[in-house]
file input-v3.cif (mmCIF, C-alpha atoms)
data_coords
#
loop_
_atom_site.label_atom_id
_atom_site.label_comp_id
_atom_site.auth_asym_id
_atom_site.auth_seq_id
_atom_site.Cartn_x
_atom_site.Cartn_y
_atom_site.Cartn_z
CA MET I 1 -17.93 37.92 -0.45
CA THR I 2 -14.28 37.15 -1.23
CA ARG I 3 -11.35 36.68 1.12
CA ARG I 4 -7.70 37.13 0.12
CA PHE I 5 -4.86 35.42 1.96
CA ARG I 6 -1.53 33.67 1.49
CA ALA I 7 -1.15 29.99 0.67
CA ALA I 8 1.53 27.57 -0.53
CA VAL I 9 0.54 26.57 -4.07
CA LEU I 10 1.97 23.56 -5.89
CA ARG I 11 1.68 24.27 -9.61
CA GLY I 12 3.68 21.39 -11.06
CA TYR I 13 4.74 17.94 -9.92
CA GLU I 14 8.42 18.86 -10.09
CA GLU I 15 8.13 22.54 -9.15
CA PRO I 16 8.75 24.06 -5.71
CA PHE I 17 5.84 25.39 -3.68
CA ALA I 18 5.05 29.04 -4.36
CA VAL I 19 3.69 31.10 -1.45
CA GLU I 20 1.32 33.53 -3.10
CA ASP I 21 -1.96 35.40 -2.75
CA VAL I 22 -5.09 33.34 -3.26
CA VAL I 23 -8.77 34.25 -3.24
CA LEU I 24 -11.58 32.36 -1.55
CA HIS I 25 -14.74 33.16 -3.50
CA THR I 26 -17.32 31.80 -1.08
CA GLU I 27 -18.35 31.96 2.54
CA PRO I 28 -19.09 28.78 4.53
CA ALA I 29 -22.18 26.95 3.32
CA PRO I 30 -24.40 25.05 5.77
CA GLY I 31 -22.27 22.35 7.36
CA GLU I 32 -19.00 24.22 6.68
CA LEU I 33 -16.54 26.24 8.75
CA LEU I 34 -13.89 28.80 7.87
CA VAL I 35 -10.79 28.23 9.99
CA GLU I 36 -7.85 30.58 10.47
CA ILE I 37 -4.90 28.20 10.39
CA ALA I 38 -2.49 28.37 13.32
CA GLY I 39 -0.26 25.53 12.12
CA ALA I 40 -0.30 22.75 9.52
CA GLY I 41 1.77 19.60 9.64
CA MET I 42 3.58 18.42 6.55
CA CYS I 43 2.90 14.75 5.87
CA ARG I 44 4.53 12.44 3.34
CA THR I 45 1.09 12.04 1.78
CA ASP I 46 1.31 15.71 0.79
CA LEU I 47 4.72 15.15 -0.76
CA ALA I 48 3.57 11.97 -2.54
CA VAL I 49 1.46 14.19 -4.82
CA ARG I 50 4.69 14.81 -6.73
CA ARG I 51 4.79 11.10 -7.58
CA SER I 52 1.08 10.69 -8.34
CA ALA I 53 1.56 10.56 -12.12
CA GLY I 54 -1.09 13.17 -12.74
CA ARG I 55 -3.80 11.60 -10.57
CA SER I 56 -3.87 14.57 -8.18
CA PRO I 57 -5.17 17.79 -9.75
CA LEU I 58 -2.76 20.72 -9.95
CA PRO I 59 -2.35 23.56 -9.31
CA ALA I 60 -3.46 22.94 -5.75
CA VAL I 61 -3.20 24.04 -2.16
CA LEU I 62 -2.16 20.95 -0.21
CA GLY I 63 -1.98 20.37 3.55
CA HIS I 64 -4.14 17.98 5.51
CA GLU I 65 -2.90 18.31 9.12
CA GLY I 66 -4.27 21.73 9.91
CA ALA I 67 -5.32 23.26 13.21
CA GLY I 68 -6.62 26.71 14.02
CA VAL I 69 -9.57 28.79 15.15
CA VAL I 70 -13.03 28.97 13.61
CA VAL I 71 -13.72 32.47 12.27
CA ALA I 72 -17.01 31.84 10.43
CA SER I 73 -19.67 29.15 10.34
CA GLY I 74 -22.34 28.27 7.81
CA GLY I 75 -24.53 26.80 10.52
CA GLY I 76 -26.74 23.83 9.89
CA PRO I 77 -26.51 20.24 11.16
CA GLY I 78 -23.11 19.19 12.45
CA THR I 79 -21.87 22.72 13.13
CA GLU I 80 -22.05 22.71 16.90
CA THR I 81 -18.48 24.03 16.76
CA GLY I 82 -18.72 27.81 16.72
CA VAL I 83 -16.77 30.97 16.01
CA GLY I 84 -13.79 31.28 18.31
CA ASP I 85 -13.43 27.55 18.92
CA PRO I 86 -9.97 26.00 18.35
CA VAL I 87 -10.13 22.91 16.16
CA VAL I 88 -7.96 20.15 14.75
CA LEU I 89 -8.75 19.25 11.14
CA SER I 90 -8.74 15.63 10.04
CA PHE I 91 -9.80 13.68 6.96
CA ASP I 92 -13.24 14.17 5.41
CA SER I 93 -16.04 11.62 5.16
CA CYS I 94 -19.64 11.64 3.96
CA GLY I 95 -21.31 10.69 7.25
CA HIS I 96 -24.09 8.62 5.71
CA CYS I 97 -22.60 5.57 3.95
CA ARG I 98 -22.59 2.19 5.69
CA ASN I 99 -19.01 2.55 6.97
CA CYS I 100 -19.53 6.08 8.27
CA ARG I 101 -22.69 4.97 10.07
CA GLY I 102 -20.69 2.06 11.47
CA ALA I 103 -18.05 4.34 13.07
CA ALA I 104 -15.48 3.59 10.36
CA PRO I 105 -15.19 6.94 8.52
CA ALA I 106 -11.69 6.13 7.25
CA TYR I 107 -13.36 3.57 4.97
CA CYS I 108 -16.04 5.97 3.74
CA ASP I 109 -17.43 5.01 0.32
CA SER I 110 -16.56 8.54 -0.86
CA PHE I 111 -13.11 8.75 0.75
CA ALA I 112 -11.17 9.18 -2.50
CA ALA I 113 -13.59 11.73 -3.93
CA LEU I 114 -13.68 13.81 -0.76
CA ASN I 115 -10.01 13.63 0.18
CA LEU I 116 -7.93 12.97 -2.91
CA PHE I 117 -9.83 14.08 -5.98
CA GLY I 118 -12.47 16.44 -4.61
CA GLY I 119 -10.45 19.45 -5.69
CA ARG I 120 -11.25 19.08 -9.37
CA ALA I 121 -13.12 21.83 -11.23
CA GLN I 122 -16.19 22.99 -9.33
CA GLU I 123 -18.96 25.44 -10.09
CA PRO I 124 -19.02 28.02 -8.75
CA LEU I 125 -15.31 28.70 -8.28
CA ARG I 126 -14.24 28.24 -4.66
CA LEU I 127 -10.52 28.99 -4.56
CA GLY I 128 -8.47 30.83 -7.16
CA ASP I 129 -5.15 32.54 -7.61
CA ALA I 130 -4.59 36.27 -7.97
CA ASP I 131 -5.23 35.98 -11.72
CA GLY I 132 -8.59 34.31 -11.25
CA LYS I 133 -7.47 30.82 -12.25
CA ALA I 134 -8.92 27.92 -10.29
CA LEU I 135 -6.92 26.08 -7.63
CA ALA I 136 -7.83 22.64 -6.33
CA PRO I 137 -9.12 23.63 -2.88
CA ARG I 138 -10.17 20.55 -0.92
CA TRP I 139 -7.14 18.38 -0.32
CA PHE I 140 -8.33 16.00 2.42
CA GLY I 141 -11.24 18.35 2.92
CA GLN I 142 -9.06 21.25 4.06
CA SER I 143 -6.03 22.43 1.98
CA SER I 144 -4.39 23.86 5.09
CA PHE I 145 -1.01 25.04 3.73
CA ALA I 146 -2.61 28.46 3.95
CA GLU I 147 -3.72 31.20 6.29
CA TYR I 148 -7.35 30.03 6.06
CA ALA I 149 -9.14 26.79 5.20
CA LEU I 150 -12.79 26.21 4.31
CA VAL I 151 -13.72 22.81 5.73
CA SER I 152 -16.60 20.50 6.41
CA ALA I 153 -17.67 20.72 10.03
CA ARG I 154 -17.52 16.93 10.05
CA ASN I 155 -13.73 16.89 9.86
CA ALA I 156 -13.15 19.59 12.51
CA VAL I 157 -12.58 18.42 16.08
CA ARG I 158 -12.96 21.02 18.81
CA VAL I 159 -10.12 21.05 21.37
CA ASP I 160 -9.41 22.77 24.68
CA PRO I 161 -8.34 26.42 24.18
CA ALA I 162 -5.56 25.87 26.73
CA LEU I 163 -3.75 23.52 24.33
CA PRO I 164 -1.06 24.81 21.91
CA VAL I 165 -3.31 24.72 18.87
CA GLU I 166 -0.51 25.59 16.45
CA LEU I 167 1.13 22.22 17.23
CA LEU I 168 -1.96 20.02 17.16
CA GLY I 169 -2.49 19.60 13.40
CA PRO I 170 -0.49 16.34 13.04
CA LEU I 171 -2.96 14.72 15.44
CA GLY I 172 -5.41 14.83 12.52
CA CYS I 173 -3.49 12.36 10.34
CA GLY I 174 0.08 11.15 10.93
CA PHE I 175 -0.01 10.82 14.70
CA LEU I 176 -3.65 9.67 14.56
CA THR I 177 -2.66 6.88 12.15
CA GLY I 178 0.19 5.49 14.23
CA ALA I 179 -1.57 5.74 17.58
CA GLY I 180 -4.85 4.49 16.15
CA ALA I 181 -3.22 1.38 14.71
CA VAL I 182 -2.10 0.42 18.22
CA LEU I 183 -5.14 1.54 20.21
CA ASN I 184 -7.97 0.88 17.73
CA THR I 185 -6.85 -1.74 15.20
CA PHE I 186 -4.68 -3.96 17.34
CA ARG I 187 -6.16 -3.01 20.73
CA ALA I 188 -2.80 -4.09 22.06
CA GLY I 189 -2.15 -4.57 25.76
CA PRO I 190 0.73 -5.53 28.05
CA GLY I 191 0.77 -9.14 26.80
CA ASP I 192 0.91 -8.19 23.13
CA PRO I 193 4.48 -7.34 22.03
CA LEU I 194 4.64 -5.03 19.02
CA VAL I 195 7.32 -4.40 16.42
CA VAL I 196 7.18 -1.11 14.50
CA LEU I 197 9.04 -0.87 11.21
CA GLY I 198 9.99 2.70 10.39
CA ALA I 199 10.48 5.29 13.13
CA GLY I 200 9.09 8.31 11.32
CA ALA I 201 6.07 10.33 12.43
CA VAL I 202 3.59 7.45 12.13
CA GLY I 203 5.93 4.86 13.59
CA LEU I 204 6.99 6.98 16.56
CA ALA I 205 3.35 7.84 17.29
CA ALA I 206 2.72 4.09 17.39
CA VAL I 207 5.65 3.67 19.77
CA MET I 208 4.34 6.39 22.11
CA ALA I 209 0.81 4.95 22.08
CA ALA I 210 2.13 1.45 22.71
CA VAL I 211 4.22 2.56 25.68
CA ALA I 212 1.24 4.50 27.06
CA ALA I 213 -0.82 1.28 26.85
CA GLY I 214 1.88 -0.81 28.52
CA VAL I 215 2.75 -2.66 25.32
CA PRO I 216 6.35 -3.93 24.92
CA VAL I 217 7.60 -2.46 21.63
CA VAL I 218 10.59 -2.90 19.34
CA ALA I 219 11.31 -0.10 16.85
CA VAL I 220 13.19 -0.82 13.61
CA ASP I 221 14.82 1.87 11.47
CA ARG I 222 18.00 2.56 9.52
CA LEU I 223 18.63 6.06 10.92
CA PRO I 224 20.44 6.14 14.28
CA ARG I 225 18.76 9.43 15.23
CA ARG I 226 15.31 7.90 14.73
CA LEU I 227 16.28 4.88 16.82
CA GLU I 228 17.49 7.21 19.57
CA LEU I 229 14.08 8.88 19.59
CA ALA I 230 12.30 5.53 19.72
CA GLU I 231 14.46 4.47 22.67
CA ARG I 232 13.77 7.78 24.42
CA PHE I 233 10.04 7.09 24.10
CA GLY I 234 10.37 3.60 25.57
CA ALA I 235 11.00 1.23 22.66
CA VAL I 236 13.82 -1.25 22.23
CA PRO I 237 15.75 0.05 19.19
CA LEU I 238 16.88 -2.30 16.43
CA SER I 239 18.72 -1.40 13.24
CA ALA I 240 16.96 -2.41 10.04
CA ASP I 241 20.37 -3.40 8.70
CA ALA I 242 20.97 -5.91 11.48
CA ALA I 243 21.55 -9.46 10.28
CA GLY I 244 18.84 -11.96 11.19
CA LEU I 245 16.23 -9.30 11.92
CA PRO I 246 13.26 -11.70 12.48
CA GLU I 247 15.26 -13.83 14.90
CA ARG I 248 16.39 -10.75 16.83
CA VAL I 249 12.79 -9.53 17.13
CA ARG I 250 11.62 -12.94 18.31
CA ARG I 251 14.30 -12.96 21.03
CA LEU I 252 13.35 -9.45 22.15
CA THR I 253 9.63 -10.32 22.26
CA ASP I 254 9.81 -13.68 24.04
CA GLY I 255 9.12 -15.86 21.03
CA GLY I 256 7.63 -13.40 18.57
CA ALA I 257 5.60 -10.22 18.28
CA ARG I 258 1.81 -10.39 18.54
CA TYR I 259 1.52 -7.39 16.23
CA ALA I 260 3.70 -5.67 13.66
CA LEU I 261 3.14 -2.27 12.07
CA ASP I 262 4.93 -1.46 8.83
CA THR I 263 5.26 2.19 7.81
CA THR I 264 7.98 1.67 5.19
CA ALA I 265 6.33 -0.23 2.29
CA SER I 266 9.63 -2.13 1.98
CA PRO I 267 8.93 -5.69 0.73
CA ALA I 268 12.04 -7.00 2.49
CA LEU I 269 11.02 -5.50 5.84
CA ILE I 270 7.41 -6.65 5.40
CA ASN I 271 8.61 -10.23 4.94
CA ASP I 272 10.93 -9.87 7.95
CA ALA I 273 8.01 -8.56 10.02
CA LEU I 274 5.85 -11.56 9.12
CA ARG I 275 8.64 -13.94 10.09
CA ALA I 276 9.00 -12.10 13.41
CA LEU I 277 5.36 -12.71 14.35
CA ARG I 278 4.24 -15.43 16.71
CA PRO I 279 1.52 -17.84 15.48
CA THR I 280 -1.78 -16.00 14.75
CA GLY I 281 0.08 -12.69 14.80
CA THR I 282 -1.07 -9.75 12.66
CA LEU I 283 0.85 -7.35 10.45
CA GLY I 284 -0.72 -3.97 9.71
CA LEU I 285 0.33 -1.95 6.66
CA VAL I 286 -0.15 1.83 6.61
CA ALA I 287 2.17 2.91 3.78
CA ARG I 288 1.04 2.76 0.16
CA LEU I 289 2.77 0.02 -1.80
CA HIS I 290 4.34 1.19 -5.06
CA SER I 291 4.89 -2.25 -6.58
CA ALA I 292 3.62 -5.81 -6.28
CA LEU I 293 4.28 -7.32 -2.87
CA SER I 294 5.84 -10.76 -3.08
CA LEU I 295 5.52 -12.74 0.14
CA GLU I 296 8.16 -15.35 0.77
CA PRO I 297 7.16 -18.98 1.40
CA GLY I 298 6.18 -19.62 4.98
CA THR I 299 5.53 -16.01 5.97
CA LEU I 300 1.76 -16.54 6.29
CA ASP I 301 1.94 -19.95 7.94
CA ARG I 302 0.48 -20.71 11.37
CA GLY I 303 -2.40 -18.29 11.27
CA ARG I 304 -0.46 -15.11 10.59
CA SER I 305 -2.42 -12.41 8.75
CA VAL I 306 -1.89 -9.10 6.93
CA ARG I 307 -4.30 -6.16 6.73
CA HIS I 308 -4.22 -2.57 5.55
CA ILE I 309 -4.96 0.17 8.08
CA CYS I 310 -6.33 3.53 6.96
CA GLU I 311 -6.12 6.57 9.28
CA GLY I 312 -5.62 4.34 12.31
CA ASP I 313 -9.21 3.03 12.05
CA ALA I 314 -10.02 6.24 13.92
CA VAL I 315 -13.08 8.32 14.53
CA PRO I 316 -11.15 11.61 14.85
CA GLY I 317 -13.63 13.16 17.26
CA LEU I 318 -13.02 10.28 19.66
CA LEU I 319 -9.30 9.58 19.29
CA ILE I 320 -7.93 13.15 19.11
CA PRO I 321 -9.23 14.01 22.64
CA VAL I 322 -7.66 10.79 23.94
CA LEU I 323 -4.30 11.78 22.46
CA THR I 324 -4.43 15.32 23.83
CA GLU I 325 -5.20 13.98 27.31
CA LEU I 326 -2.30 11.53 27.05
CA TRP I 327 -0.11 14.48 26.06
CA ARG I 328 -1.24 16.47 29.10
CA ALA I 329 -0.27 13.48 31.24
CA GLY I 330 3.19 13.34 29.65
CA ARG I 331 2.46 9.97 28.02
CA PHE I 332 2.23 11.01 24.36
CA PRO I 333 4.96 13.65 23.87
CA PHE I 334 4.29 14.25 20.17
CA ASP I 335 5.54 17.84 20.44
CA GLN I 336 9.09 16.47 20.72
CA LEU I 337 8.85 15.35 17.09
CA ILE I 338 7.86 18.77 15.74
CA ARG I 339 9.92 21.54 14.22
CA THR I 340 8.08 24.70 13.18
CA TYR I 341 8.72 26.66 9.99
CA PRO I 342 7.15 29.88 8.71
CA LEU I 343 4.78 29.12 5.85
CA ALA I 344 7.17 31.06 3.61
CA ASP I 345 9.80 28.37 4.28
CA VAL I 346 7.63 25.52 3.00
CA ASN I 347 10.30 24.36 0.56
CA GLU I 348 12.94 24.21 3.28
CA ALA I 349 10.52 22.17 5.38
CA GLU I 350 10.00 19.76 2.49
CA ARG I 351 13.76 19.36 1.96
CA ASP I 352 14.34 18.69 5.65
CA CYS I 353 11.47 16.19 5.73
CA GLU I 354 12.70 14.30 2.68
CA ALA I 355 16.26 14.21 4.03
CA GLY I 356 15.14 12.90 7.43
CA ARG I 357 16.45 15.97 9.27
CA VAL I 358 13.05 16.50 10.90
CA VAL I 359 10.32 14.04 11.84
CA LYS I 360 7.32 16.35 11.59
CA PRO I 361 7.54 19.83 10.07
CA VAL I 362 4.72 22.19 11.03
CA LEU I 363 4.12 25.29 8.91
CA ILE I 364 3.10 28.44 10.77
CA PRO I 365 1.34 31.16 8.73
CA GLU I 366 2.78 34.68 8.77
CA GLY I 367 2.08 36.50 12.00
CA ARG I 368 2.14 33.29 14.01
CA SER I 369 5.79 32.28 13.46
CA ARG I 370 7.85 31.84 16.59
#
call {"tool": "encode", "arguments": {"input": "input-v3.cif", "output": "structure tokens"}}
result
Amino acid sequence: MTRRFRAAVLRGYEEPFAVEDVVLHTEPAPGELLVEIAGAGMCRTDLAVRRSAGRSPLPAVLGHEGAGVVVASGGGPGTETGVGDPVVLSFDSCGHCRNCRGAAPAYCDSFAALNLFGGRAQEPLRLGDADGKALAPRWFGQSSFAEYALVSARNAVRVDPALPVELLGPLGCGFLTGAGAVLNTFRAGPGDPLVVLGAGAVGLAAVMAAVAAGVPVVAVDRLPRRLELAERFGAVPLSADAAGLPERVRRLTDGGARYALDTTASPALINDALRALRPTGTLGLVARLHSALSLEPGTLDRGRSVRHICEGDAVPGLLIPVLTELWRAGRFPFDQLIRTYPLADVNEAERDCEAGRVVKPVLIPEGRSR
């Protein structure tokens, strides 16, 4: 059985998205769900495909912050979520490697194959365009810039039907990453000052989670509007262009931050963050580095450490319900970062995202636009 619907297709690394008819050539297999997408967040990881130097297969349907309603299930183990259930879609994982069994699915042995490269040629054809040509269909296990997504049940998290499902998709990646870094990786508390470098979607999610946990937080960015948002959410704002940034952070955090979270991949800011840490402090990196990172002398003295954080060290099925409950309580107002766009306006959403005019675009398929 085939299913035809609309999707945003990226055909070339320098081409705009094309919203066109696509064909799904298969129904859900055991362990899979078909989800009608209500909204899909646009993440910089999606846009980074343009700079992947051919490593990501094109043409493809991207999108990895989807949310919607299950319309068909293949049954089998792991498919307790049923038809009619609203779900948030997160990253995929195998479920049986050592890290998955150890509640660390973000470090799954098959993470790259399942999330980044799993859309290469498959037999039989899963997703194609109107002319029958194959499209890479499994970006982060979902490819949710579309009206429907065929996903593994493992990366679908059931949520309360009373929640605004069309806005929940970013909880599956960007907001999960920032909040998870604070709540899971650092396990920060009131005595653990935090500095967040970069007040975009990930950084502001970290700010909101920190404030919810009673953590004193300083937010660093170059854009005044982003700093205003960080201050609204409870952070002390600090311009990235301020002279003597490490010294300023140390003054604001009573001698130095216990934790720092960098979302910028800027070598200069990473070195500043290390200098702003107190002894034995930890810097977490979530952004992909595009060049060698040179650490300045003295930045790792006195027990300071650096580690990479993937997907907020989260088990999505555990953290996403925590974040939705914090939202209900008014303590994680992620919806204030979102601007919705019809799926047909995907290119406008990308331009606004790249220009910093919006923190988190969310694409709404036709018929659901508001």
call {"tool": "resolve_selection", "arguments": {"input": "input-v3.cif", "expression": "the PyMOL selection byres ((chain I and resi 226-243) around 7)", "output": "compact mmCIF listing (two decimals) with C-alpha atoms, in the coordinates of the input"}}
result
# COMPACT_ATOMS: atom_id res chain seq x y z
CA ALA I 199 10.48 5.29 13.13
CA LEU I 204 6.99 6.98 16.56
CA VAL I 207 5.65 3.67 19.77
CA MET I 208 4.34 6.39 22.11
CA VAL I 211 4.22 2.56 25.68
CA VAL I 217 7.60 -2.46 21.63
CA VAL I 218 10.59 -2.90 19.34
CA ALA I 219 11.31 -0.10 16.85
CA VAL I 220 13.19 -0.82 13.61
CA ASP I 221 14.82 1.87 11.47
CA ARG I 222 18.00 2.56 9.52
CA LEU I 223 18.63 6.06 10.92
CA PRO I 224 20.44 6.14 14.28
CA ARG I 225 18.76 9.43 15.23
CA GLY I 244 18.84 -11.96 11.19
CA LEU I 245 16.23 -9.30 11.92
call {"tool": "closest_residue", "arguments": {"input": "input-v3.cif", "among": "I:Lys360, I:Val346, I:Glu166, I:Ala60", "to": "Ala205 in chain I", "atoms": "all atoms listed in the file"}}
result
I:Lys360
call {"tool": "atom_distance", "arguments": {"input": "input-v3.cif", "atom1": "CA of Thr253 in chain I", "atom2": "CA of Ala188 in chain I"}}
result
13.9 Å
call {"tool": "closest_residue", "arguments": {"input": "input-v3.cif", "among": "I:Pro28, I:Pro279, I:Gly312, I:Gly95", "to": "Val202 in chain I", "atoms": "only C-alpha atoms"}}
result
I:Gly312
call {"tool": "resolve_selection", "arguments": {"input": "input-v3.cif", "expression": "the PyMOL selection byres ((chain I and resi 38-47) around 8)", "output": "PyMOL selection string"}}
result
chain I and resi 36-37+48-51+62-69+144-145+147+165-170+174+349-350+360-365+368
call {"tool": "residues_around", "arguments": {"input": "input-v3.cif", "residues": "range 291-308 of chain I", "least_positions_apart": "4", "cutoff": "6 Å", "atoms": "all atoms listed in the file", "output": "list of chain:residue names"}}
result
I:Leu274, I:Arg275, I:Pro279, I:Thr280, I:Gly281, I:Thr282, I:Leu283, I:Gly284, I:Leu285
call {"tool": "closest_residue", "arguments": {"input": "input-v3.cif", "among": "I:Ala201, I:Ala329, I:Val322, I:Leu163", "to": "Cys353 in chain I", "atoms": "all atoms listed in the file"}}
result
I:Ala201
call {"tool": "resolve_selection", "arguments": {"input": "input-v3.cif", "expression": "the PyMOL selection byres ((chain I and resi 179) around 6)", "output": "JSON, numbers by chain"}}
result
{"I": [176, 177, 178, 180, 181, 182, 205, 206, 209]}
call {"tool": "atom_distance", "arguments": {"input": "input-v3.cif", "atom1": "CA of Ala265 in chain I", "atom2": "CA of Gly198 in chain I"}}
result
9.4 Å
call {"tool": "atom_distance", "arguments": {"input": "input-v3.cif", "atom1": "CA of Asn115 in chain I", "atom2": "CA of Asn155 in chain I"}}
result
10.9 Å
call {"tool": "closest_residue", "arguments": {"input": "input-v3.cif", "among": "I:Ala153, I:Ala210, I:Ala113, I:Leu58", "to": "Gly317 in chain I", "atoms": "only C-alpha atoms"}}
result
I:Ala153
call {"tool": "decode", "arguments": {"input": "input-v3.cif", "residues": "range 147-154 of chain I", "atoms": "all heavy atoms", "output": "mmCIF file, in the first residue's frame"}}
result
data_model
loop_
_atom_site.group_PDB
_atom_site.id
_atom_site.type_symbol
_atom_site.label_atom_id
_atom_site.label_comp_id
_atom_site.auth_asym_id
_atom_site.auth_seq_id
_atom_site.Cartn_x
_atom_site.Cartn_y
_atom_site.Cartn_z
ATOM 1 N N GLU I 147 4.148 15.766 5.929
ATOM 2 C CA GLU I 147 2.835 15.546 6.544
ATOM 3 C C GLU I 147 2.761 14.244 7.315
ATOM 4 O O GLU I 147 1.929 14.097 8.223
ATOM 5 C CB GLU I 147 1.757 15.585 5.455
ATOM 6 C CG GLU I 147 1.614 16.966 4.826
ATOM 7 C CD GLU I 147 0.602 17.025 3.707
ATOM 8 O OE1 GLU I 147 0.343 15.973 3.074
ATOM 9 O OE2 GLU I 147 0.060 18.122 3.443
ATOM 10 N N TYR I 148 3.631 13.287 6.973
ATOM 11 C CA TYR I 148 3.681 12.004 7.679
ATOM 12 C C TYR I 148 5.134 11.594 7.865
ATOM 13 O O TYR I 148 6.014 11.971 7.069
ATOM 14 C CB TYR I 148 2.953 10.903 6.893
ATOM 15 C CG TYR I 148 1.463 11.092 6.824
ATOM 16 C CD1 TYR I 148 0.884 11.849 5.809
ATOM 17 C CD2 TYR I 148 0.610 10.525 7.785
ATOM 18 C CE1 TYR I 148 -0.484 12.039 5.746
ATOM 19 C CE2 TYR I 148 -0.757 10.712 7.727
ATOM 20 C CZ TYR I 148 -1.304 11.467 6.710
ATOM 21 O OH TYR I 148 -2.652 11.661 6.654
ATOM 22 N N ALA I 149 5.390 10.789 8.892
ATOM 23 C CA ALA I 149 6.719 10.236 9.122
ATOM 24 C C ALA I 149 6.582 8.792 9.586
ATOM 25 O O ALA I 149 5.753 8.481 10.453
ATOM 26 C CB ALA I 149 7.482 11.047 10.161
ATOM 27 N N LEU I 150 7.384 7.916 8.995
ATOM 28 C CA LEU I 150 7.444 6.514 9.407
ATOM 29 C C LEU I 150 8.628 6.371 10.342
ATOM 30 O O LEU I 150 9.772 6.631 9.949
ATOM 31 C CB LEU I 150 7.605 5.614 8.181
ATOM 32 C CG LEU I 150 7.593 4.103 8.445
ATOM 33 C CD1 LEU I 150 6.248 3.654 9.008
ATOM 34 C CD2 LEU I 150 7.905 3.358 7.147
ATOM 35 N N VAL I 151 8.376 5.975 11.585
ATOM 36 C CA VAL I 151 9.409 6.039 12.616
ATOM 37 C C VAL I 151 9.495 4.720 13.376
ATOM 38 O O VAL I 151 8.560 3.917 13.393
ATOM 39 C CB VAL I 151 9.123 7.180 13.616
ATOM 40 C CG1 VAL I 151 8.926 8.506 12.884
ATOM 41 C CG2 VAL I 151 7.912 6.883 14.485
ATOM 42 N N SER I 152 10.622 4.537 14.021
ATOM 43 C CA SER I 152 10.754 3.460 14.991
ATOM 44 C C SER I 152 9.953 3.820 16.230
ATOM 45 O O SER I 152 9.992 4.966 16.705
ATOM 46 C CB SER I 152 12.229 3.267 15.351
ATOM 47 O OG SER I 152 12.356 2.456 16.509
ATOM 48 N N ALA I 153 9.242 2.849 16.763
ATOM 49 C CA ALA I 153 8.497 3.101 17.997
ATOM 50 C C ALA I 153 9.425 3.511 19.128
ATOM 51 O O ALA I 153 9.013 4.197 20.069
ATOM 52 C CB ALA I 153 7.705 1.857 18.389
ATOM 53 N N ARG I 154 10.694 3.126 19.024
ATOM 54 C CA ARG I 154 11.644 3.428 20.088
ATOM 55 C C ARG I 154 11.886 4.930 20.228
ATOM 56 O O ARG I 154 12.192 5.403 21.323
ATOM 57 C CB ARG I 154 12.958 2.692 19.814
ATOM 58 C CG ARG I 154 14.016 2.903 20.871
ATOM 59 C CD ARG I 154 15.211 1.991 20.691
ATOM 60 N NE ARG I 154 16.270 2.385 21.606
ATOM 61 C CZ ARG I 154 16.310 2.058 22.877
ATOM 62 N NH1 ARG I 154 15.346 1.313 23.404
ATOM 63 N NH2 ARG I 154 17.308 2.444 23.649
#
